[in-house]
Structures are given as structure tokens and as C-alpha cells.
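Asks: The file below is structure21.txt, compact mmCIF, C-alpha atoms:
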# COMPACT_ATOMS: atom_id res chain seq x y z
CA MET A 22 98.26 112.91 -98.30
CA ASN A 23 95.51 113.35 -100.90
CA PRO A 24 95.69 112.37 -104.59
CA ILE A 25 97.05 114.95 -106.98
CA ARG A 26 96.17 113.13 -110.22
CA MET A 27 93.81 110.45 -111.49
CA ALA A 28 95.15 106.90 -111.27
CA VAL A 29 93.91 103.36 -111.91
CA ALA A 30 95.08 99.96 -110.65
CA GLY A 31 93.83 96.40 -111.06
CA THR A 32 91.82 94.73 -113.81
CA LEU A 33 88.32 93.51 -114.54
CA GLU A 34 89.40 89.86 -114.49
CA SER A 35 87.82 87.38 -112.11
CA SER A 36 89.12 87.64 -108.51
CA ASP A 37 90.48 91.13 -109.20
CA VAL A 38 89.19 94.65 -108.61
CA MET A 39 89.71 97.80 -110.65
CA VAL A 40 90.29 100.87 -108.49
CA ARG A 41 90.06 104.40 -109.86
CA VAL A 42 91.21 107.34 -107.71
CA ARG A 43 90.66 111.01 -108.57
CA PRO A 44 91.53 114.25 -106.74
CA ALA A 45 88.46 115.77 -105.00
CA GLU A 46 87.44 118.27 -102.33
CA VAL A 47 85.82 115.61 -100.14
CA LEU A 48 86.00 111.85 -99.67
CA SER A 49 83.55 109.79 -101.72
CA LEU A 50 83.40 106.05 -102.41
CA GLU A 51 81.49 104.16 -105.09
CA ILE A 52 81.51 100.35 -105.11
CA LYS A 53 80.22 98.09 -107.87
CA SER A 54 80.33 94.46 -106.83
CA PRO A 55 78.33 91.26 -107.41
CA VAL A 56 78.66 90.62 -103.67
CA LEU A 57 77.88 94.13 -102.47
CA GLU A 58 74.95 93.01 -100.35
CA GLN A 59 76.97 90.34 -98.51
CA TYR A 60 80.41 92.00 -98.34
CA GLY A 61 79.78 95.72 -98.90
CA ASP A 62 80.50 96.62 -95.27
CA ALA A 63 83.70 94.57 -95.25
CA ILE A 64 84.89 96.25 -98.46
CA ARG A 65 84.12 99.71 -97.04
CA GLN A 66 86.03 98.79 -93.87
CA THR A 67 89.07 97.69 -95.88
CA VAL A 68 89.00 100.89 -97.93
CA ALA A 69 88.67 102.99 -94.76
CA GLU A 70 91.69 101.25 -93.19
CA VAL A 71 93.91 101.81 -96.22
CA LEU A 72 92.85 105.48 -96.51
CA ALA A 73 93.51 106.03 -92.80
CA ASP A 74 96.94 104.37 -93.06
CA ARG A 75 97.86 106.74 -95.86
CA GLY A 76 96.23 109.84 -94.37
CA VAL A 77 93.85 110.33 -97.30
CA THR A 78 90.96 112.62 -96.37
CA ALA A 79 89.75 113.86 -99.75
CA ALA A 80 89.45 111.77 -102.91
CA GLU A 81 86.93 110.28 -105.29
CA ILE A 82 87.32 106.51 -105.19
CA GLU A 83 85.60 104.00 -107.43
CA LEU A 84 85.89 100.20 -107.07
CA ILE A 85 84.67 97.76 -109.71
CA ASP A 86 84.93 94.43 -107.93
CA ARG A 87 85.10 91.04 -109.66
CA GLY A 88 85.09 88.94 -106.50
CA ALA A 89 88.44 90.10 -105.12
CA LEU A 90 89.69 88.98 -101.72
CA ASP A 91 90.35 91.56 -99.02
CA CYS A 92 94.12 91.37 -99.63
CA THR A 93 93.63 92.12 -103.33
CA ILE A 94 91.39 95.12 -102.62
CA ARG A 95 94.03 96.48 -100.24
CA ALA A 96 96.82 95.99 -102.76
CA ARG A 97 94.98 97.55 -105.68
CA LEU A 98 93.86 100.56 -103.63
CA GLU A 99 97.39 101.07 -102.29
CA THR A 100 98.76 100.91 -105.85
CA ALA A 101 96.19 103.38 -107.17
CA LEU A 102 96.88 105.80 -104.30
CA GLU A 103 100.63 105.51 -104.78
CA ARG A 104 100.22 106.26 -108.49
CA ALA A 105 97.86 109.15 -107.75
CA LEU A 106 100.37 110.70 -105.37
CA SER A 107 103.46 110.39 -107.52
CA MET B 74 111.79 69.76 -98.54
CA ARG B 75 112.07 71.31 -101.98
CA ARG B 76 110.88 68.79 -104.57
CA SER B 77 108.56 71.16 -106.45
CA LEU B 78 108.83 74.95 -106.64
CA LEU B 79 105.93 76.49 -108.55
CA PHE B 80 106.06 79.92 -110.19
CA LEU B 81 102.97 82.11 -109.69
CA PRO B 82 102.61 85.33 -111.75
CA GLY B 83 102.81 88.19 -109.27
CA ASN B 84 100.08 90.37 -110.74
CA GLN B 85 97.27 87.82 -111.12
CA PRO B 86 95.13 87.55 -107.97
CA SER B 87 93.29 84.39 -109.04
CA LEU B 88 96.55 82.48 -109.54
CA LEU B 89 98.12 83.79 -106.33
CA GLN B 90 95.05 82.64 -104.39
CA ASN B 91 95.35 79.17 -105.94
CA GLY B 92 98.82 78.89 -104.44
CA ALA B 93 97.23 78.41 -101.04
CA VAL B 94 95.67 75.10 -102.13
CA LEU B 95 98.14 73.70 -104.68
CA PRO B 96 100.34 70.78 -103.52
CA ALA B 97 103.70 72.44 -104.27
CA ASP B 98 106.48 72.27 -101.68
CA ALA B 99 107.36 75.89 -102.43
CA LEU B 100 105.69 78.79 -104.20
CA ILE B 101 107.67 81.35 -106.19
CA PHE B 102 105.81 84.66 -106.41
CA ASP B 103 107.18 86.15 -109.59
CA LEU B 104 107.78 89.89 -109.78
CA GLU B 105 110.15 89.61 -112.73
CA ASP B 106 109.42 88.02 -116.11
CA ALA B 107 105.71 87.34 -115.48
CA VAL B 108 104.96 91.02 -114.82
CA ALA B 109 104.70 93.80 -117.44
CA ALA B 110 107.12 96.69 -116.99
CA ASP B 111 104.35 99.19 -116.14
CA GLU B 112 102.76 96.87 -113.56
CA LYS B 113 105.81 96.22 -111.37
CA ASP B 114 104.46 98.42 -108.56
CA SER B 115 101.06 96.76 -108.72
CA ALA B 116 102.54 93.25 -108.52
CA ARG B 117 104.78 94.24 -105.61
CA TYR B 118 101.79 95.49 -103.61
CA LEU B 119 99.73 92.45 -104.53
CA VAL B 120 102.37 89.87 -103.61
CA ALA B 121 103.18 91.66 -100.35
CA SER B 122 99.49 91.79 -99.46
CA ALA B 123 99.01 88.10 -100.32
CA LEU B 124 102.02 87.13 -98.20
CA ARG B 125 100.67 89.17 -95.31
CA HIS B 126 97.04 88.06 -95.42
CA LEU B 127 96.75 84.62 -97.08
CA ASP B 128 97.63 81.34 -95.39
CA PHE B 129 100.00 79.32 -97.57
CA GLY B 130 100.47 76.66 -94.91
CA ARG B 131 103.90 75.02 -94.72
CA ARG B 132 104.85 75.90 -98.28
CA GLU B 133 108.08 77.87 -98.56
CA LYS B 134 107.28 81.38 -99.80
CA ILE B 135 109.88 82.46 -102.32
CA VAL B 136 109.80 85.73 -104.26
CA ARG B 137 111.62 86.17 -107.56
CA ILE B 138 112.62 89.81 -107.52
CA ASN B 139 113.59 92.12 -110.37
CA ASP B 140 117.08 92.48 -111.71
CA ASP B 141 116.93 96.27 -112.08
CA HIS B 142 118.66 97.97 -109.13
CA THR B 143 115.84 100.35 -108.12
CA LEU B 144 113.11 97.74 -108.44
CA ARG B 145 115.23 95.14 -106.67
CA GLU B 146 115.53 97.13 -103.45
CA LYS B 147 111.83 98.06 -103.45
CA ASP B 148 110.88 94.43 -104.04
CA ILE B 149 113.08 93.13 -101.24
CA ARG B 150 111.92 95.75 -98.73
CA ALA B 151 108.26 95.04 -99.44
CA VAL B 152 108.26 91.25 -99.45
CA VAL B 153 110.66 90.61 -96.57
CA ARG B 154 108.52 92.76 -94.27
CA ALA B 155 105.46 90.86 -95.52
CA GLY B 156 106.89 87.48 -94.53
CA ALA B 157 108.75 86.05 -97.54
CA ASP B 158 110.94 83.10 -96.54
CA THR B 159 113.34 83.23 -99.46
CA ILE B 160 114.44 85.72 -102.09
CA MET B 161 115.26 84.49 -105.59
CA PRO B 162 117.47 87.03 -107.36
CA PRO B 163 117.67 86.41 -111.12
CA LYS B 164 120.73 86.32 -113.38
CA ILE B 165 123.23 85.86 -110.58
CA ALA B 166 126.90 85.46 -111.55
CA GLY B 167 129.26 85.37 -108.60
CA SER B 168 129.12 86.64 -105.04
CA ALA B 169 129.08 90.47 -105.24
CA LEU B 170 125.34 91.02 -105.74
CA LEU B 171 124.40 88.26 -103.30
CA GLN B 172 126.55 89.90 -100.63
CA GLU B 173 124.95 93.27 -101.40
CA ILE B 174 121.48 91.73 -101.05
CA GLY B 175 122.60 89.96 -97.87
CA ALA B 176 123.62 93.31 -96.35
CA LEU B 177 120.25 94.81 -97.31
CA LEU B 178 118.49 91.83 -95.69
CA ASP B 179 120.55 92.37 -92.51
CA GLU B 180 119.30 95.96 -92.43
CA ILE B 181 115.63 95.14 -93.15
CA GLU B 182 115.48 92.29 -90.65
CA GLN B 183 116.91 94.54 -87.95
CA GLU B 184 114.50 97.40 -88.77
CA ALA B 185 111.47 95.11 -88.90
CA GLY B 186 112.30 93.03 -85.83
CA ILE B 187 112.70 89.86 -87.91
CA GLU B 188 115.09 87.21 -86.62
CA ALA B 189 118.56 87.88 -88.05
CA GLY B 190 119.34 85.60 -90.99
CA ARG B 191 115.77 84.31 -91.28
CA THR B 192 115.41 85.32 -94.92
CA LYS B 193 117.17 82.90 -97.24
CA LEU B 194 118.54 83.30 -100.77
CA MET B 195 118.07 81.03 -103.77
CA PRO B 196 120.04 82.57 -106.64
CA LEU B 197 118.86 81.81 -110.15
CA LEU B 198 121.78 80.97 -112.45
CA GLU B 199 120.77 81.61 -116.04
CA THR B 200 123.81 82.92 -117.85
CA ALA B 201 127.09 81.37 -118.95
CA ALA B 202 128.88 83.54 -116.38
CA GLY B 203 126.40 82.40 -113.74
CA ILE B 204 127.26 78.75 -114.37
CA GLU B 205 130.97 79.49 -114.51
CA LEU B 206 130.79 81.21 -111.09
CA ALA B 207 128.29 78.84 -109.50
CA TYR B 208 130.51 77.76 -106.59
CA GLU B 209 131.33 81.38 -105.74
CA SER B 210 127.59 82.15 -105.68
CA ALA B 211 126.88 79.13 -103.50
CA LEU B 212 129.42 80.32 -100.93
CA ALA B 213 128.50 84.03 -101.12
CA SER B 214 126.41 84.07 -97.95
CA SER B 215 125.19 81.73 -95.25
CA ARG B 216 121.70 82.72 -96.42
CA VAL B 217 122.15 80.83 -99.71
CA VAL B 218 120.21 77.56 -99.34
CA ALA B 219 120.10 76.40 -102.97
CA LEU B 220 121.21 77.20 -106.50
CA ALA B 221 118.46 77.15 -109.12
CA LEU B 222 118.95 76.74 -112.86
CA GLY B 223 117.14 78.95 -115.38
CA GLY B 224 117.43 76.99 -118.61
CA GLU B 225 115.63 79.29 -121.04
CA ASP B 226 117.76 82.38 -120.46
CA LEU B 227 120.85 80.19 -120.24
CA ALA B 228 120.16 78.60 -123.63
CA ALA B 229 119.74 82.06 -125.14
CA ASP B 230 123.01 83.18 -123.57
CA LEU B 231 124.78 80.04 -124.81
CA GLY B 232 123.35 80.52 -128.29
CA CYS B 233 121.70 77.08 -128.37
CA SER B 234 118.12 75.89 -128.77
CA ARG B 235 116.23 74.11 -126.02
CA SER B 236 115.26 70.53 -126.82
CA ARG B 237 112.71 68.22 -125.20
CA GLU B 238 115.53 65.98 -123.91
CA GLY B 239 117.63 68.90 -122.69
CA LYS B 240 121.03 67.49 -123.67
CA GLU B 241 122.25 71.01 -124.45
CA LEU B 242 122.05 71.81 -120.71
CA LEU B 243 123.68 68.62 -119.40
CA TYR B 244 127.04 70.19 -118.60
CA SER B 245 125.42 73.26 -117.01
CA ARG B 246 123.18 71.08 -114.88
CA GLN B 247 126.08 68.98 -113.66
CA ARG B 248 128.27 72.00 -113.05
CA LEU B 249 125.54 73.63 -110.94
CA ILE B 250 124.92 70.43 -108.97
CA ILE B 251 128.62 69.98 -108.17
CA ALA B 252 128.92 73.62 -107.06
CA ALA B 253 125.82 73.39 -104.86
CA ARG B 254 126.70 70.05 -103.31
CA ALA B 255 130.31 71.10 -102.70
CA ALA B 256 128.93 74.06 -100.76
CA GLY B 257 126.53 71.80 -98.86
CA ILE B 258 123.35 73.29 -100.30
CA GLU B 259 120.57 72.10 -102.59
CA ALA B 260 120.41 72.15 -106.40
CA ILE B 261 117.12 72.96 -108.12
CA ASP B 262 116.54 72.13 -111.78
CA THR B 263 115.17 74.36 -114.53
CA PRO B 264 111.43 74.12 -115.33
CA PHE B 265 110.09 71.92 -118.13
CA THR B 266 108.35 74.46 -120.30
CA ASP B 267 105.67 72.47 -122.16
CA ALA B 268 102.70 72.58 -119.79
CA GLN B 269 100.80 69.96 -121.82
CA ASP B 270 103.56 67.34 -122.14
CA ASN B 271 103.34 65.34 -118.90
CA THR B 272 105.39 62.43 -120.29
CA GLY B 273 108.22 64.76 -121.26
CA LEU B 274 108.01 66.42 -117.86
CA LEU B 275 108.31 63.11 -116.02
CA GLU B 276 111.30 62.02 -118.11
CA ASP B 277 112.96 65.40 -117.53
CA ALA B 278 112.31 65.25 -113.76
CA LEU B 279 113.64 61.67 -113.54
CA LEU B 280 116.78 62.77 -115.38
CA ALA B 281 117.17 65.70 -112.98
CA LYS B 282 116.78 63.40 -109.97
CA SER B 283 119.31 60.92 -111.41
CA LEU B 284 121.86 63.71 -111.88
CA GLY B 285 121.61 64.84 -108.26
CA PHE B 286 119.07 67.67 -108.20
CA SER B 287 116.93 67.84 -105.07
CA GLY B 288 113.95 69.43 -106.79
CA LYS B 289 112.63 71.17 -109.88
CA LEU B 290 111.11 74.51 -110.75
CA ALA B 291 107.61 74.34 -112.25
CA ILE B 292 105.70 76.74 -114.45
CA SER B 293 102.42 74.83 -114.33
CA PRO B 294 100.44 73.16 -111.53
CA GLN B 295 99.98 70.27 -113.97
CA HIS B 296 103.66 69.41 -113.53
CA LEU B 297 103.54 68.99 -109.75
CA LYS B 298 102.38 65.38 -109.84
CA GLY B 299 105.18 64.28 -112.18
CA ILE B 300 107.82 66.18 -110.23
CA HIS B 301 106.69 64.61 -106.96
CA GLN B 302 106.66 61.19 -108.60
CA ALA B 303 110.27 61.66 -109.68
CA PHE B 304 111.62 63.18 -106.47
CA THR B 305 109.71 61.16 -103.86
CA PRO B 306 111.30 57.82 -102.94
CA THR B 307 109.34 54.74 -103.95
CA GLY B 308 108.14 52.19 -101.40
CA ALA B 309 110.97 49.83 -102.45
CA GLU B 310 113.58 52.60 -102.06
CA ILE B 311 112.29 53.46 -98.59
CA ALA B 312 112.22 49.80 -97.55
CA TYR B 313 115.79 49.35 -98.79
CA ALA B 314 116.96 52.49 -96.95
CA LEU B 315 115.43 51.16 -93.73
CA GLU B 316 117.21 47.83 -94.29
CA VAL B 317 120.51 49.66 -94.83
CA ILE B 318 120.17 51.57 -91.56
CA LYS B 319 119.20 48.41 -89.68
CA ALA B 320 122.09 46.40 -91.17
CA MET B 321 124.59 49.11 -90.34
CA GLU B 322 123.31 49.44 -86.77
CA ALA B 323 123.76 45.69 -86.34
CA GLY B 324 127.25 45.92 -87.88
CA LEU B 325 128.32 48.79 -85.67
CA SER B 326 127.18 46.95 -82.57
CA SER B 327 129.50 44.13 -83.65
CA GLY B 328 132.37 46.57 -84.25
CA LEU B 329 132.09 46.55 -88.08
CA ALA B 330 132.29 49.76 -90.16
CA ALA B 331 131.03 47.98 -93.29
CA VAL B 332 128.50 45.18 -93.65
CA SER B 333 126.95 43.15 -96.43
CA LEU B 334 123.32 43.48 -97.51
CA ARG B 335 121.83 41.57 -100.43
CA GLY B 336 125.36 40.77 -101.55
CA LYS B 337 126.47 44.42 -101.65
CA MET B 338 128.82 46.26 -99.35
CA ILE B 339 127.17 48.80 -97.07
CA ASP B 340 129.44 51.51 -95.68
CA LYS B 341 129.22 55.17 -94.66
CA PRO B 342 128.31 56.74 -98.07
CA VAL B 343 125.55 54.18 -98.62
CA VAL B 344 124.21 54.90 -95.15
CA GLU B 345 124.28 58.64 -95.81
CA GLN B 346 122.35 58.12 -99.05
CA ALA B 347 119.81 55.97 -97.17
CA GLU B 348 119.44 58.70 -94.54
CA LYS B 349 118.72 61.27 -97.28
CA THR B 350 116.09 58.96 -98.78
CA LEU B 351 114.45 58.56 -95.38
CA ALA B 352 114.55 62.31 -94.70
CA ILE B 353 112.54 62.97 -97.89
CA ALA B 354 110.21 60.08 -97.11
CA ARG B 355 109.67 61.46 -93.61
CA ALA B 356 108.96 64.96 -94.91
CA SER B 357 106.56 63.49 -97.49
CA GLY B 358 104.65 61.65 -94.77
CA LEU B 359 105.65 58.25 -96.19
CA LEU B 360 108.04 57.05 -93.51
CA ALA B 361 105.61 56.12 -90.75
CA ALA B 362 103.72 53.74 -93.02
CA ALA B 363 106.93 52.17 -94.33
CA GLU B 364 108.29 51.68 -90.80
CA GLU B 365 105.06 50.00 -89.73
CA ILE B 366 105.34 47.54 -92.64
CA ALA B 367 109.04 46.91 -91.88
CA ASP B 368 108.30 46.32 -88.19
CA ALA B 369 105.45 43.94 -89.06
CA GLU B 370 107.86 41.95 -91.23
Once more with this new file: its structure as C-alpha cells, please.
Replies:
Amino acid sequence: MNPIRMAVAGTLESSDVMVRVRPAEVLSLEIKSPVLEQYGDAIRQTVAEVLADRGVTAAEIELIDRGALDCTIRARLETALERALS
Amino acid sequence: MRRSLLFLPGNQPSLLQNGAVLPADALIFDLEDAVAADEKDSARYLVASALRHLDFGRREKIVRINDDHTLREKDIRAVVRAGADTIMPPKIAGSALLQEIGALLDEIEQEAGIEAGRTKLMPLLETAAGIELAYESALASSRVVALALGGEDLAADLGCSRSREGKELLYSRQRLIIAARAAGIEAIDTPFTDAQDNTGLLEDALLAKSLGFSGKLAISPQHLKGIHQAFTPTGAEIAYALEVIKAMEAGLSSGLAAVSLRGKMIDKPVVEQAEKTLAIARASGLLAAAEEIADAE
């Protein structure tokens, strides 16, 4: 199910990630991270898994990463999607 | 072994991550007081994801859930499926809510293919009614493994101020311990709330140990060392416990139910106390070394 409203989850504190989700016609992903070069693919993979789990096919997704672990990225994206769907 | 049980705020990733390396016996992932009302969903997702994906080793993974009915069920469903060992429901007074939560756990464990009864309960008693009904809470379900004391809320409910020495909670502490021990479960003391006062923390933990608590809640990693110091048997206590067991074994082989050691009578209760000391020493990794020294002597 695709987002029906804009929603945000997470913070800009160290070890966290702020995720912003907006309704859109297509799927787009923007990542800002100090470790984008090393972990960009892993972050994209995590995002893709969460979106697939939730059946999201169209949304504008923005991640501002502050060195978050994979489990934190998952949790913040799930929260933002839940908020964007409710 | 539950000497130290450390609270971790449920919506702060950096602190949750630290839990994987801190030397606490148990971690309490807090979805209640440490989380703002509009971040309850976020904390629930974060704690569930941490439980699922981070390795906390042998530490018991406890989750303090919310008191509100709607949040409570969502919290329990999310964290039990993610691998929580124990649920800590706040403000418990009596058996009704614990039995309701027990029934929900039965349902979730069956749905998720989790071993029946795996998820334990550690009710937090933090109201006058909670203390008054402590024994009923302790016996509410076979899942209840310990009663924990929440001193701050209790003091507010009693209308008294908290002091460094904690004398205002003495009766409540003893009442909770008696209820827990009568039910054959553990008693966990309230946290010491001044994170900077390590001397006060040690005195408070030693008092808790002397009263009969088996461990203590902690709100700061800085308190873990003092709590372990208070609740871990000393070398002399371990050596004495080993002597007690040895003396009683010798007595039993001679047909005696009580023997004398260092001028004091040793009988069944003393042996049971020695066995408890050795169980903690064993779990703390101290017993092997002590036995080697005793054998060498």
C-alpha cells in the first residue's frame, strides 16, 4: 500500500536516521549519509526489503543518516510508512 | 541471574546499541516513561527491530510496556514476536491484569510458533495498592518470575518524599520481598536515581541485598559496578559456603542432620543459603576459581 500523506520518523542525533516519506506517482529514494560510499548499497537493500514487505510501489523517500545501524533504518522507515498510511 | 537490570530508553538508537556491550545481567527496553507520547509507535518499532537484529548475548531481554490498554497490546504483540524474554507491565496491583496479559501471551506464542510459556512476566509494583496485593500478583501466573519495586511512583502514591537512605520505602521493600519469596520467585529493588552518587548507590544496593532482594533496577550504566559489588558474593563468602557444603556432606555420611563449623551449628537452612551463594558465584564465573583454591588447601 502506498503512502497517502507525508510522514517523518527518526531524528538527526548520532546513530539515528531521519526518514521522510511523501506520496508520489513513482518510487524515488534520496540518501544523505556520511558513509554513503561504503554502505550506500546496503542501505538501499534495506530500504528495498522494507518497501517490498509493505507492498510500497510509489513513494518519495528521503533518508538523512547519522550513522544508523541497519536495524534502526528498518525501524524508522517502518514507522514513517505506518504514519504515512494511517 | 538477575543482579543488575538496566533501563534503556526505547527510542534512542545509540543507547539501545550500547546495551549489547554493557555488563548488565538484564536489559529493560523502556517503551513507557522514557518515551514521549507521540513517539510510542516509533519506539515500539525500534525496540522490536533491535531485539530481532542485535546480539545482546546472554543478557535477559525485558521490555517495559505501556500501561494504556491499546498501547499495551500493540507493545506485547511486537516485542514477543521479536524475541523478548520477559515483559514488565507497570503499575500492577493484583492478579487480573497479569492473567489477561498471560492469556494474550498464550495466544501470541501459539500464533508465532514460540514455545508455550517461554515469555516471562516481571510486574512492576509502584502503587500502594500494588504493594498491598503483592502476593496475589506473585501468584497470578506461572510466568511471573520476579516482583520489581518502582520507588519513585510509589513515593508519589504514598505522598512521601524520596530520601537518599530510602527509609520511607523500608516497609514496602520488605513487604514485596516477603510476597515474592513466599511465592518462590525473585525480588528486584527499585533503582537508585542519582546517577552521579556512586557511594549512595553502593550503600543502597548493600541495604537491598541485606533485606533479601536478589537484584536491583538501574537507570545508569554507572551503577552496574556498585550493584554487582553488592550482589556478588565475596571470596570469603564463597569459601565459607564451600566449607558449609563440605561439612554437611561429611555430617550426612556419618548420619548427622546438623554439624558444627567454626563453632556454629550448620543445618538445612544454612546449607540452602550456602547453595544460593554458590549458585550466584557459579553464574558470575567465580566458583571455578574458588573451588580450585579450596581444593589446593
Asks: Rounded to one decimal place, report the atom CA of Asn91 of chain B-atom CA of Thr32 of chain A distance in Å.
Replies: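 Straight-line distance from atom CA of Asn91 of chain B to atom CA of Thr32 of chain A works out to 17.8 Å.
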Asks: Tell me as a list in words which residues belonging to chain B come within 9 Å of chain A, counting only C-alpha atoms.
Replies: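 Within 9 Å of chain A on chain B, we get Asn84, Gln85, Pro86, Ser87, Gln90, Glu112, Asp114, Ser115, Ala116, Arg117, Tyr118, Leu119, Val120, Ala121, Ser122, Ala123, Arg125, His126 and Leu127 of chain B.
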Asks: Taking all atoms listed in the file into account, which of A:Arg65, A:Arg75, A:Arg87, A:Arg26 comes nearest Pro44 of chain A?
Replies: A:Arg26
Asks: Can you tell me, as a list in words, what residues are no more than 8 Å from segment 184-195 of chain B when counting all atoms listed in the file, ignoring any on the same chain fewer than 2 positions away?
Replies: Val153, Arg154, Ala157, Asp158, Thr159, Ile160, Met161, Pro162, Leu178, Asp179, Glu180, Ile181, Glu182, Leu197, Arg216, Val217, Val218, Ala219, Leu220 and Ala221 of chain B
Asks: Would you work out the distance separating atom CA of Leu81 of chain B from atom CA of Gly299 of chain B, expressed in Å to one decimal?
Replies: 18.1 Å
Asks: Taking 6 positions as the minimum chain separation for residues in the same chain, which residues sit within 10 Å of Phe304 of chain B when counting all atoms listed in the file? Answer as an MDAnalysis selection string.
Replies: chainID B and resid 75:77 278:279 281:283 286:289 350 353:354
Asks: Measure the distance from atom CA of Glu348 of chain B to atom CA of Arg132 of chain B in Å and round it to one decimal.
Replies: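 Separating atom CA of Glu348 of chain B from atom CA of Arg132 of chain B is a distance of 22.9 Å.
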Asks: So which residues touch segment 239-246 of chain B within 10 Å, counting only C-alpha atoms, skipping near sequence neighbours fewer than 6 positions away, as a PyMOL selection string?
Replies: chain B and resi 198-201+203-205+207+221-225+227-228+231+233+260-263+265+277+280-281+284-286
Asks: Please identify all polymer residues within 10 Å of Val317 of chain B, counting all atoms listed in the file, omitting same-chain residues fewer than 4 positions from it, and present them as a count of residues only.
Replies: 18
Asks: In terms of the shortest atom-to-atom distance over all atoms listed in the file, which of B:Gly257, B:Gly308, B:Gly92, B:Gly232 is closest to Leu79 of chain B?
Replies: B:Gly92
Asks: Out of A:Gly76, A:Leu84, A:Val56, A:Ala45, which residue has the shortest atom-to-atom distance to Leu33 of chain A when counting all atoms listed in the file?
Replies: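 Counting all atoms listed in the file, the residue closest to Leu33 of chain A is A:Leu84.
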Asks: Which residue gives the smallest distance to Leu102 of chain A among A:Ala63, A:Leu72, A:Met39, A:Leu57, with only C-alpha atoms counted?
Replies: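 Nearest candidate to Leu102 of chain A out of A:Ala63, A:Leu72, A:Met39, A:Leu57: A:Leu72.
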